[in-house]
Amino acid sequence: MMDTFCTHLSKIIKWPDQQEQNQISNDIFIQHGVTNVIGYIDGTHVRLPMRLKQDQDYINRKGFPSVQLQVVIDHQMLIRHNYVGWPGCTHDARVLRNSRLYIHADRHFENNKYIMGDSAYPVKEWLLTPYRDNGHLTDIQKRYNRKFSSMGQIVERAIGHIKCRFRRTLNIHLYNIEAVSKVVHCACILHNICILAGDELQDFIDTNPDINANIFQQIFGNDQAGVALRDRVANALP
């Protein structure tokens, strides 16, 4: 059954084409007054009953075994990209750097579009994050961070829906990474089917304590072009 579901992954979880990107960014601009945003990225931990192959790398910073799930969602909570399987101790930015989203970023982002992520990720021309609070942020930077925080809550809600509604993802009692990944892929597909069917989600959304088991500082440098874009976005906020 899982194999059958996973064969439909690319039909249900699809990166938006140029026309869709324009529509998404327009809708987000109407909602939030921020231009060219097409989605929100975050990582979460899928708990396991034990380390796979007794590998210590599966133990995350909170001390339990897990694998990482990376998702990008749009303004309707549709998953547009998912990537699963890295051990729980892995930095979110390293998971990103090994994903197709990063490797083929030039194919994913049309006409200056970008996604938003938390401070664990590096700033790129296609990925903006909050300003690091060093105690000396300007009012413009603080306003940007507040706006970012408000907008980014939608990805946490999407992850909460996946885990609360498809509860096997709270603790997957399987012992090989391929099977674990298939369960997670199936949950992501079912999440999107619920969205597309107009299902009521609110009763199933919960904040799960395992969502951010690793709170990381950034380990990769920012791109100067991305930093300049973030400043322009911050300065343009109403």
# chains A, B, ... in the order shown; residues from 1 in each chain; ligands from 1
$ residues_around --residues "range 155-159 of chain A" --least-positions-apart "4" --cutoff "7 Å" --atoms "only C-alpha atoms" --output "PDB file with N, CA, C and O atoms, in the first residue's frame"
ATOM      1  N   TYR A  40       7.343  28.651   2.666  1.00  0.00           N
ATOM      2  CA  TYR A  40       7.998  28.683   3.966  1.00  0.00           C
ATOM      3  C   TYR A  40       8.634  27.315   4.213  1.00  0.00           C
ATOM      4  O   TYR A  40       7.988  26.281   4.034  1.00  0.00           O
ATOM      5  N   ILE A  41       9.903  27.315   4.635  1.00  0.00           N
ATOM      6  CA  ILE A  41      10.629  26.066   4.847  1.00  0.00           C
ATOM      7  C   ILE A  41      10.868  25.845   6.329  1.00  0.00           C
ATOM      8  O   ILE A  41      11.095  26.785   7.092  1.00  0.00           O
ATOM      9  N   ASP A  42      10.817  24.583   6.749  1.00  0.00           N
ATOM     10  CA  ASP A  42      11.186  24.218   8.114  1.00  0.00           C
ATOM     11  C   ASP A  42      11.492  22.729   8.148  1.00  0.00           C
ATOM     12  O   ASP A  42      11.143  21.972   7.232  1.00  0.00           O
ATOM     13  N   ILE A  73       6.105  24.696   2.414  1.00  0.00           N
ATOM     14  CA  ILE A  73       4.658  24.776   2.234  1.00  0.00           C
ATOM     15  C   ILE A  73       4.294  26.144   1.674  1.00  0.00           C
ATOM     16  O   ILE A  73       5.036  27.117   1.845  1.00  0.00           O
ATOM     17  N   MET A  77      -1.008  25.976   3.022  1.00  0.00           N
ATOM     18  CA  MET A  77      -0.472  24.839   3.777  1.00  0.00           C
ATOM     19  C   MET A  77      -0.232  23.611   2.909  1.00  0.00           C
ATOM     20  O   MET A  77      -0.007  22.517   3.430  1.00  0.00           O
ATOM     21  N   LYS A 163       1.416  15.614  12.026  1.00  0.00           N
ATOM     22  CA  LYS A 163       1.719  14.756  13.173  1.00  0.00           C
ATOM     23  C   LYS A 163       0.485  14.425  14.008  1.00  0.00           C
ATOM     24  O   LYS A 163       0.380  13.322  14.552  1.00  0.00           O
ATOM     25  N   ILE A 205      -4.824  20.245  14.247  1.00  0.00           N
ATOM     26  CA  ILE A 205      -3.551  20.962  14.342  1.00  0.00           C
ATOM     27  C   ILE A 205      -3.152  21.092  15.801  1.00  0.00           C
ATOM     28  O   ILE A 205      -3.925  21.523  16.651  1.00  0.00           O
TER      29      ILE A 205
END
$ residues_around --residues "Arg132 in chain A" --least-positions-apart "2" --cutoff "8 Å" --atoms "only C-alpha atoms" --output "list in words"
Ser119, Pro130 and Asn134 of chain A
$ write_last_selection --atoms "N, CA, C and O atoms" --output "PDB file, in the first residue's frame"
ATOM      1  N   SER A 119      16.370  30.968  11.427  1.00  0.00           N
ATOM      2  CA  SER A 119      17.755  31.422  11.472  1.00  0.00           C
ATOM      3  C   SER A 119      18.779  30.304  11.376  1.00  0.00           C
ATOM      4  O   SER A 119      19.977  30.575  11.304  1.00  0.00           O
ATOM      5  N   PRO A 130      15.386  35.508   9.423  1.00  0.00           N
ATOM      6  CA  PRO A 130      15.372  36.694  10.288  1.00  0.00           C
ATOM      7  C   PRO A 130      16.779  37.280  10.471  1.00  0.00           C
ATOM      8  O   PRO A 130      17.785  36.593  10.287  1.00  0.00           O
ATOM      9  N   ASN A 134      21.390  40.751  17.840  1.00  0.00           N
ATOM     10  CA  ASN A 134      22.622  40.975  18.593  1.00  0.00           C
ATOM     11  C   ASN A 134      22.480  42.091  19.628  1.00  0.00           C
ATOM     12  O   ASN A 134      23.469  42.566  20.190  1.00  0.00           O
TER      13      ASN A 134
END
$ closest_residue --among "A:His81, A:His191, A:Arg51, A:Arg100" --to "Leu69 in chain A" --atoms "only C-alpha atoms"
A:His81
$ atom_distance --atom1 "CA of Trp15 in chain A" --atom2 "CA of Arg47 in chain A"
26.7 Å
$ closest_residue --among "A:Gln202, A:Ser181, A:Ser150, A:Gln19" --to "Arg165 in chain A" --atoms "only C-alpha atoms"
A:Gln202
$ residues_around --residues "Gly226 in chain A" --least-positions-apart "5" --cutoff "10 Å" --atoms "only C-alpha atoms" --output "list in words"
Tyr114, Pro122, Val123, Lys124, Glu125, Trp126, Leu127, Leu128, Thr129, Asp231 and Arg232 of chain A
$ residues_around --residues "Leu190 in chain A" --least-positions-apart "5" --cutoff "10 Å" --atoms "only C-alpha atoms" --output "PyMOL selection string"
chain A and resi 5+12+162+165-166+184-185+195-196
$ write_last_selection --atoms "all heavy atoms" --output "compact mmCIF listing (two decimals), in the first residue's frame"
# COMPACT_ATOMS: atom_id res chain seq x y z
N PHE A 5 1.10 4.40 -2.77
CA PHE A 5 0.98 5.82 -2.43
C PHE A 5 2.19 6.60 -2.92
O PHE A 5 2.07 7.68 -3.50
CB PHE A 5 0.84 5.98 -0.91
CG PHE A 5 -0.55 6.35 -0.49
CD1 PHE A 5 -1.51 5.37 -0.35
CD2 PHE A 5 -0.90 7.66 -0.25
CE1 PHE A 5 -2.80 5.70 0.03
CE2 PHE A 5 -2.18 8.00 0.13
CZ PHE A 5 -3.14 7.01 0.27
N ILE A 12 1.05 14.65 -6.30
CA ILE A 12 0.37 15.30 -5.18
C ILE A 12 1.24 16.37 -4.54
O ILE A 12 0.74 17.39 -4.08
CB ILE A 12 -0.05 14.25 -4.13
CG1 ILE A 12 -0.92 13.16 -4.77
CG2 ILE A 12 -0.80 14.92 -2.97
CD1 ILE A 12 -2.23 13.67 -5.32
N ILE A 162 0.16 17.33 10.18
CA ILE A 162 0.68 16.03 9.76
C ILE A 162 0.82 15.11 10.96
O ILE A 162 0.37 13.95 10.94
CB ILE A 162 2.04 16.20 9.05
CG1 ILE A 162 1.87 16.92 7.72
CG2 ILE A 162 2.70 14.83 8.82
CD1 ILE A 162 3.18 17.37 7.11
N ARG A 165 -2.78 14.46 12.91
CA ARG A 165 -3.79 13.71 12.17
C ARG A 165 -3.30 12.33 11.77
O ARG A 165 -4.06 11.35 11.83
CB ARG A 165 -4.20 14.49 10.92
CG ARG A 165 -5.40 13.85 10.22
CD ARG A 165 -6.09 14.83 9.33
NE ARG A 165 -7.41 14.38 8.95
CZ ARG A 165 -8.30 15.14 8.34
NH1 ARG A 165 -8.03 16.41 8.06
NH2 ARG A 165 -9.48 14.67 8.01
N PHE A 166 -2.05 12.23 11.38
CA PHE A 166 -1.48 10.95 10.94
C PHE A 166 -0.49 10.51 12.01
O PHE A 166 0.72 10.68 11.90
CB PHE A 166 -0.83 11.12 9.56
CG PHE A 166 -1.76 11.78 8.59
CD1 PHE A 166 -1.50 13.06 8.13
CD2 PHE A 166 -2.92 11.15 8.17
CE1 PHE A 166 -2.38 13.69 7.25
CE2 PHE A 166 -3.81 11.77 7.30
CZ PHE A 166 -3.53 13.05 6.84
N VAL A 184 6.54 8.46 6.11
CA VAL A 184 6.50 9.92 6.18
C VAL A 184 6.00 10.50 4.85
O VAL A 184 5.19 11.43 4.83
CB VAL A 184 7.88 10.48 6.54
CG1 VAL A 184 7.86 12.00 6.54
CG2 VAL A 184 8.33 9.96 7.91
N HIS A 185 6.48 9.96 3.74
CA HIS A 185 5.99 10.42 2.43
C HIS A 185 4.49 10.23 2.32
O HIS A 185 3.77 11.12 1.83
CB HIS A 185 6.69 9.66 1.30
CG HIS A 185 8.08 10.11 1.01
ND1 HIS A 185 8.42 11.44 0.88
CD2 HIS A 185 9.23 9.41 0.81
CE1 HIS A 185 9.71 11.54 0.62
NE2 HIS A 185 10.22 10.33 0.57
N ILE A 195 -5.92 18.99 2.14
CA ILE A 195 -5.98 20.40 1.74
C ILE A 195 -6.77 20.54 0.44
O ILE A 195 -7.67 21.38 0.31
CB ILE A 195 -4.56 20.96 1.54
CG1 ILE A 195 -3.72 20.85 2.82
CG2 ILE A 195 -4.61 22.41 1.03
CD1 ILE A 195 -4.06 21.81 3.89
N LEU A 196 -6.42 19.72 -0.54
CA LEU A 196 -7.05 19.82 -1.86
C LEU A 196 -8.54 19.49 -1.81
O LEU A 196 -9.32 20.00 -2.62
CB LEU A 196 -6.33 18.89 -2.85
CG LEU A 196 -4.87 19.26 -3.17
CD1 LEU A 196 -4.18 18.14 -3.93
CD2 LEU A 196 -4.81 20.56 -3.97
$ closest_residue --among "A:Glu110, A:Asp57, A:Asp17, A:Asp27" --to "Gly88 in chain A" --atoms "only C-alpha atoms"
A:Asp57
$ closest_residue --among "A:Ile140, A:Leu48, A:Ile177, A:Val37" --to "Asn235 in chain A" --atoms "only C-alpha atoms"
A:Ile140
$ atom_distance --atom1 "CA of Asp74 in chain A" --atom2 "CA of Ile38 in chain A"
6.2 Å
$ select_by_dssp --residues "range 7-149 of chain A" --states "helix (DSSP H, G or I)" --output "mmCIF file with N, CA and C atoms, in the first residue's frame"
data_model
loop_
_atom_site.group_PDB
_atom_site.id
_atom_site.type_symbol
_atom_site.label_atom_id
_atom_site.label_comp_id
_atom_site.auth_asym_id
_atom_site.auth_seq_id
_atom_site.Cartn_x
_atom_site.Cartn_y
_atom_site.Cartn_z
ATOM 1 N N THR A 7 4.177 6.102 -5.309
ATOM 2 C CA THR A 7 4.260 6.288 -6.758
ATOM 3 C C THR A 7 3.516 7.549 -7.201
ATOM 4 N N LEU A 9 3.605 10.375 -5.432
ATOM 5 C CA LEU A 9 4.196 11.497 -4.720
ATOM 6 C C LEU A 9 4.332 12.729 -5.608
ATOM 7 N N SER A 10 4.881 12.542 -6.813
ATOM 8 C CA SER A 10 5.145 13.688 -7.683
ATOM 9 C C SER A 10 3.868 14.319 -8.234
ATOM 10 N N LYS A 11 2.749 13.588 -8.169
ATOM 11 C CA LYS A 11 1.475 14.131 -8.635
ATOM 12 C C LYS A 11 0.792 14.976 -7.558
ATOM 13 N N ILE A 12 1.054 14.646 -6.298
ATOM 14 C CA ILE A 12 0.370 15.296 -5.184
ATOM 15 C C ILE A 12 1.241 16.370 -4.539
ATOM 16 N N GLN A 18 5.924 28.551 -12.945
ATOM 17 C CA GLN A 18 5.999 30.011 -12.938
ATOM 18 C C GLN A 18 4.641 30.661 -12.725
ATOM 19 N N GLN A 19 3.627 30.143 -13.384
ATOM 20 C CA GLN A 19 2.292 30.712 -13.217
ATOM 21 C C GLN A 19 1.807 30.569 -11.780
ATOM 22 N N GLU A 20 2.005 29.389 -11.199
ATOM 23 C CA GLU A 20 1.598 29.171 -9.808
ATOM 24 C C GLU A 20 2.402 30.055 -8.865
ATOM 25 N N GLN A 21 3.700 30.190 -9.126
ATOM 26 C CA GLN A 21 4.526 31.039 -8.265
ATOM 27 C C GLN A 21 4.020 32.471 -8.264
ATOM 28 N N ASN A 22 3.635 32.963 -9.432
ATOM 29 C CA ASN A 22 3.099 34.319 -9.508
ATOM 30 C C ASN A 22 1.797 34.444 -8.707
ATOM 31 N N GLN A 23 0.940 33.434 -8.801
ATOM 32 C CA GLN A 23 -0.330 33.465 -8.076
ATOM 33 C C GLN A 23 -0.100 33.392 -6.566
ATOM 34 N N ILE A 24 0.796 32.484 -6.151
ATOM 35 C CA ILE A 24 1.090 32.354 -4.716
ATOM 36 C C ILE A 24 1.659 33.651 -4.163
ATOM 37 N N SER A 25 2.633 34.225 -4.865
ATOM 38 C CA SER A 25 3.263 35.454 -4.369
ATOM 39 C C SER A 25 2.263 36.600 -4.324
ATOM 40 N N ASN A 26 1.361 36.661 -5.288
ATOM 41 C CA ASN A 26 0.329 37.703 -5.264
ATOM 42 C C ASN A 26 -0.597 37.529 -4.059
ATOM 43 N N ASP A 27 -0.995 36.289 -3.805
ATOM 44 C CA ASP A 27 -1.874 36.029 -2.663
ATOM 45 C C ASP A 27 -1.185 36.375 -1.342
ATOM 46 N N ILE A 28 0.095 36.015 -1.226
ATOM 47 C CA ILE A 28 0.837 36.320 0.007
ATOM 48 C C ILE A 28 1.023 37.823 0.157
ATOM 49 N N PHE A 29 1.232 38.527 -0.952
ATOM 50 C CA PHE A 29 1.348 39.982 -0.873
ATOM 51 C C PHE A 29 0.052 40.605 -0.363
ATOM 52 N N ILE A 30 -1.068 40.106 -0.842
ATOM 53 C CA ILE A 30 -2.360 40.618 -0.379
ATOM 54 C C ILE A 30 -2.534 40.349 1.118
ATOM 55 N N GLN A 31 -2.100 39.170 1.571
ATOM 56 C CA GLN A 31 -2.253 38.802 2.976
ATOM 57 C C GLN A 31 -1.308 39.577 3.885
ATOM 58 N N HIS A 32 -0.047 39.734 3.445
ATOM 59 C CA HIS A 32 0.998 40.197 4.362
ATOM 60 C C HIS A 32 1.748 41.443 3.901
ATOM 61 N N LEU A 52 18.561 3.585 14.310
ATOM 62 C CA LEU A 52 18.667 2.652 13.192
ATOM 63 C C LEU A 52 20.109 2.183 13.069
ATOM 64 N N LYS A 53 20.291 0.881 12.979
ATOM 65 C CA LYS A 53 21.626 0.270 12.870
ATOM 66 C C LYS A 53 22.546 0.676 14.023
ATOM 67 N N GLN A 54 21.931 1.034 15.163
ATOM 68 C CA GLN A 54 22.681 1.452 16.348
ATOM 69 C C GLN A 54 23.589 2.650 16.074
ATOM 70 N N GLN A 56 24.690 6.303 16.342
ATOM 71 C CA GLN A 56 24.506 7.391 17.293
ATOM 72 C C GLN A 56 24.028 8.680 16.631
ATOM 73 N N ASP A 57 24.253 8.820 15.328
ATOM 74 C CA ASP A 57 23.838 10.031 14.627
ATOM 75 C C ASP A 57 22.322 10.216 14.632
ATOM 76 N N TYR A 58 21.570 9.151 14.895
ATOM 77 C CA TYR A 58 20.115 9.288 14.923
ATOM 78 C C TYR A 58 19.609 9.938 16.212
ATOM 79 N N ASP A 92 19.821 21.436 10.296
ATOM 80 C CA ASP A 92 18.803 21.724 9.281
ATOM 81 C C ASP A 92 19.422 22.246 7.991
ATOM 82 N N ALA A 93 20.442 23.079 8.112
ATOM 83 C CA ALA A 93 21.073 23.656 6.925
ATOM 84 C C ALA A 93 21.807 22.596 6.114
ATOM 85 N N ARG A 94 22.350 21.598 6.785
ATOM 86 C CA ARG A 94 23.017 20.514 6.050
ATOM 87 C C ARG A 94 21.994 19.641 5.322
ATOM 88 N N VAL A 95 20.858 19.399 5.952
ATOM 89 C CA VAL A 95 19.777 18.685 5.261
ATOM 90 C C VAL A 95 19.398 19.447 3.997
ATOM 91 N N LEU A 96 19.208 20.753 4.135
ATOM 92 C CA LEU A 96 18.854 21.579 2.976
ATOM 93 C C LEU A 96 19.892 21.468 1.872
ATOM 94 N N ARG A 97 21.176 21.555 2.218
ATOM 95 C CA ARG A 97 22.239 21.566 1.206
ATOM 96 C C ARG A 97 22.310 20.261 0.419
ATOM 97 N N ARG A 100 17.336 18.345 -3.284
ATOM 98 C CA ARG A 100 17.206 18.834 -4.663
ATOM 99 C C ARG A 100 16.835 20.309 -4.690
ATOM 100 N N LEU A 101 16.118 20.754 -3.692
ATOM 101 C CA LEU A 101 15.729 22.158 -3.627
ATOM 102 C C LEU A 101 16.961 23.057 -3.677
ATOM 103 N N TYR A 102 17.992 22.692 -2.948
ATOM 104 C CA TYR A 102 19.224 23.474 -2.897
ATOM 105 C C TYR A 102 20.078 23.228 -4.134
ATOM 106 N N ILE A 103 20.263 21.967 -4.461
ATOM 107 C CA ILE A 103 21.158 21.608 -5.567
ATOM 108 C C ILE A 103 20.675 22.208 -6.878
ATOM 109 N N ALA A 105 18.480 24.868 -7.168
ATOM 110 C CA ALA A 105 17.739 26.080 -6.815
ATOM 111 C C ALA A 105 17.456 26.943 -8.029
ATOM 112 N N ASP A 106 18.376 26.955 -8.993
ATOM 113 C CA ASP A 106 18.175 27.793 -10.179
ATOM 114 C C ASP A 106 16.964 27.360 -10.993
ATOM 115 N N ARG A 107 16.532 26.099 -10.831
ATOM 116 C CA ARG A 107 15.359 25.608 -11.555
ATOM 117 C C ARG A 107 14.055 25.834 -10.785
ATOM 118 N N HIS A 108 14.168 26.144 -9.511
ATOM 119 C CA HIS A 108 12.994 26.189 -8.648
ATOM 120 C C HIS A 108 12.397 27.580 -8.482
ATOM 121 N N ASP A 139 15.005 49.556 14.109
ATOM 122 C CA ASP A 139 13.548 49.400 14.131
ATOM 123 C C ASP A 139 13.062 48.685 12.875
ATOM 124 N N ILE A 140 13.693 48.969 11.738
ATOM 125 C CA ILE A 140 13.304 48.314 10.490
ATOM 126 C C ILE A 140 13.575 46.817 10.566
ATOM 127 N N GLN A 141 14.721 46.437 11.112
ATOM 128 C CA GLN A 141 15.054 45.020 11.242
ATOM 129 C C GLN A 141 14.135 44.310 12.234
ATOM 130 N N LYS A 142 13.802 44.983 13.317
ATOM 131 C CA LYS A 142 12.874 44.395 14.290
ATOM 132 C C LYS A 142 11.499 44.190 13.670
ATOM 133 N N ARG A 143 11.054 45.171 12.891
ATOM 134 C CA ARG A 143 9.745 45.053 12.228
ATOM 135 C C ARG A 143 9.756 43.883 11.251
ATOM 136 N N TYR A 144 10.841 43.741 10.498
ATOM 137 C CA TYR A 144 10.985 42.604 9.589
ATOM 138 C C TYR A 144 10.907 41.293 10.360
ATOM 139 N N ASN A 145 11.633 41.183 11.477
ATOM 140 C CA ASN A 145 11.617 39.940 12.256
ATOM 141 C C ASN A 145 10.224 39.624 12.782
ATOM 142 N N ARG A 146 9.495 40.641 13.221
ATOM 143 C CA ARG A 146 8.130 40.398 13.700
ATOM 144 C C ARG A 146 7.237 39.918 12.571
ATOM 145 N N LYS A 147 7.358 40.545 11.416
ATOM 146 C CA LYS A 147 6.566 40.131 10.263
ATOM 147 C C LYS A 147 6.912 38.709 9.870
ATOM 148 N N PHE A 148 8.203 38.400 9.837
ATOM 149 C CA PHE A 148 8.669 37.054 9.488
ATOM 150 C C PHE A 148 8.083 36.022 10.435
ATOM 151 N N SER A 149 8.154 36.314 11.747
ATOM 152 C CA SER A 149 7.669 35.367 12.746
ATOM 153 C C SER A 149 6.188 35.080 12.558
#
$ select_by_dssp --residues "range 17-97 of chain A" --states "strand (DSSP E)" --output "JSON, numbers by chain"
{"A": [37, 38, 39, 40, 41, 42, 43, 44, 45, 46, 47, 66, 67, 68, 69, 70, 71, 72, 73, 79, 80, 81, 82, 83, 84, 85, 86, 87]}
$ write_last_selection --atoms "N, CA, C and O atoms" --output "compact mmCIF listing (two decimals), in the first residue's frame"
# COMPACT_ATOMS: atom_id res chain seq x y z
N VAL A 37 7.24 36.27 -2.12
CA VAL A 37 7.33 35.07 -1.29
C VAL A 37 6.46 33.97 -1.89
O VAL A 37 5.30 34.21 -2.24
N ILE A 38 7.01 32.75 -2.01
CA ILE A 38 6.21 31.64 -2.54
C ILE A 38 6.11 30.47 -1.57
O ILE A 38 5.49 29.46 -1.89
N GLY A 39 6.72 30.58 -0.38
CA GLY A 39 6.60 29.47 0.55
C GLY A 39 7.45 29.66 1.79
O GLY A 39 8.16 30.66 1.95
N TYR A 40 7.34 28.65 2.67
CA TYR A 40 8.00 28.68 3.97
C TYR A 40 8.63 27.32 4.21
O TYR A 40 7.99 26.28 4.03
N ILE A 41 9.90 27.32 4.64
CA ILE A 41 10.63 26.07 4.85
C ILE A 41 10.87 25.85 6.33
O ILE A 41 11.10 26.79 7.09
N ASP A 42 10.82 24.58 6.75
CA ASP A 42 11.19 24.22 8.11
C ASP A 42 11.49 22.73 8.15
O ASP A 42 11.14 21.97 7.23
N GLY A 43 12.15 22.34 9.22
CA GLY A 43 12.43 20.93 9.45
C GLY A 43 11.75 20.46 10.72
O GLY A 43 11.47 21.25 11.62
N THR A 44 11.47 19.18 10.79
CA THR A 44 10.89 18.59 11.98
C THR A 44 11.46 17.20 12.17
O THR A 44 12.06 16.62 11.26
N HIS A 45 11.28 16.65 13.37
CA HIS A 45 11.83 15.35 13.71
C HIS A 45 10.73 14.31 13.80
O HIS A 45 9.69 14.54 14.43
N VAL A 46 10.96 13.20 13.18
CA VAL A 46 10.06 12.06 13.25
C VAL A 46 10.69 11.06 14.20
O VAL A 46 11.76 10.51 13.93
N ARG A 47 10.02 10.84 15.31
CA ARG A 47 10.60 10.02 16.39
C ARG A 47 10.64 8.55 15.98
O ARG A 47 9.71 8.02 15.35
N SER A 66 15.63 9.96 15.98
CA SER A 66 14.70 10.53 15.02
C SER A 66 15.34 10.62 13.65
O SER A 66 16.56 10.48 13.50
N VAL A 67 14.49 10.86 12.66
CA VAL A 67 14.96 11.25 11.33
C VAL A 67 14.36 12.62 11.02
O VAL A 67 13.34 13.02 11.57
N GLN A 68 15.03 13.32 10.12
CA GLN A 68 14.61 14.67 9.76
C GLN A 68 13.64 14.65 8.59
O GLN A 68 13.83 13.91 7.62
N LEU A 69 12.62 15.50 8.70
CA LEU A 69 11.73 15.79 7.58
C LEU A 69 11.83 17.28 7.28
O LEU A 69 11.61 18.12 8.16
N GLN A 70 12.17 17.62 6.04
CA GLN A 70 12.18 19.01 5.58
C GLN A 70 11.00 19.25 4.66
O GLN A 70 10.73 18.44 3.77
N VAL A 71 10.27 20.33 4.91
CA VAL A 71 9.12 20.65 4.05
C VAL A 71 9.16 22.12 3.65
O VAL A 71 9.66 22.97 4.39
N VAL A 72 8.65 22.39 2.46
CA VAL A 72 8.31 23.75 2.04
C VAL A 72 6.81 23.76 1.79
O VAL A 72 6.29 22.90 1.06
N ILE A 73 6.11 24.70 2.41
CA ILE A 73 4.66 24.78 2.23
C ILE A 73 4.29 26.14 1.67
O ILE A 73 5.04 27.12 1.85
N ILE A 79 1.99 21.18 0.92
CA ILE A 79 3.41 20.84 0.85
C ILE A 79 3.85 20.90 -0.60
O ILE A 79 3.28 20.22 -1.46
N ARG A 80 4.85 21.70 -0.88
CA ARG A 80 5.36 21.85 -2.24
C ARG A 80 6.68 21.11 -2.44
O ARG A 80 7.14 20.93 -3.57
N HIS A 81 7.31 20.73 -1.36
CA HIS A 81 8.57 19.99 -1.40
C HIS A 81 8.71 19.26 -0.09
O HIS A 81 8.39 19.82 0.98
N ASN A 82 9.14 18.00 -0.14
CA ASN A 82 9.50 17.30 1.10
C ASN A 82 10.74 16.45 0.88
O ASN A 82 11.03 16.02 -0.24
N TYR A 83 11.48 16.27 1.95
CA TYR A 83 12.77 15.57 1.88
C TYR A 83 12.98 14.93 3.24
O TYR A 83 13.00 15.63 4.26
N VAL A 84 13.11 13.61 3.27
CA VAL A 84 13.14 12.90 4.55
C VAL A 84 14.24 11.85 4.56
O VAL A 84 14.57 11.27 3.52
N GLY A 85 14.81 11.62 5.76
CA GLY A 85 15.72 10.50 5.92
C GLY A 85 17.02 10.79 6.64
O GLY A 85 17.69 9.85 7.10
N TRP A 86 17.41 12.06 6.76
CA TRP A 86 18.68 12.33 7.42
C TRP A 86 18.56 12.07 8.92
O TRP A 86 17.54 12.33 9.53
N PRO A 87 19.64 11.56 9.54
CA PRO A 87 19.61 11.27 10.99
C PRO A 87 19.31 12.51 11.82
O PRO A 87 19.61 13.65 11.42
$ closest_residue --among "A:Gly135, A:Pro16, A:Gly33, A:Pro49" --to "Asn176 in chain A" --atoms "only C-alpha atoms"
A:Pro49
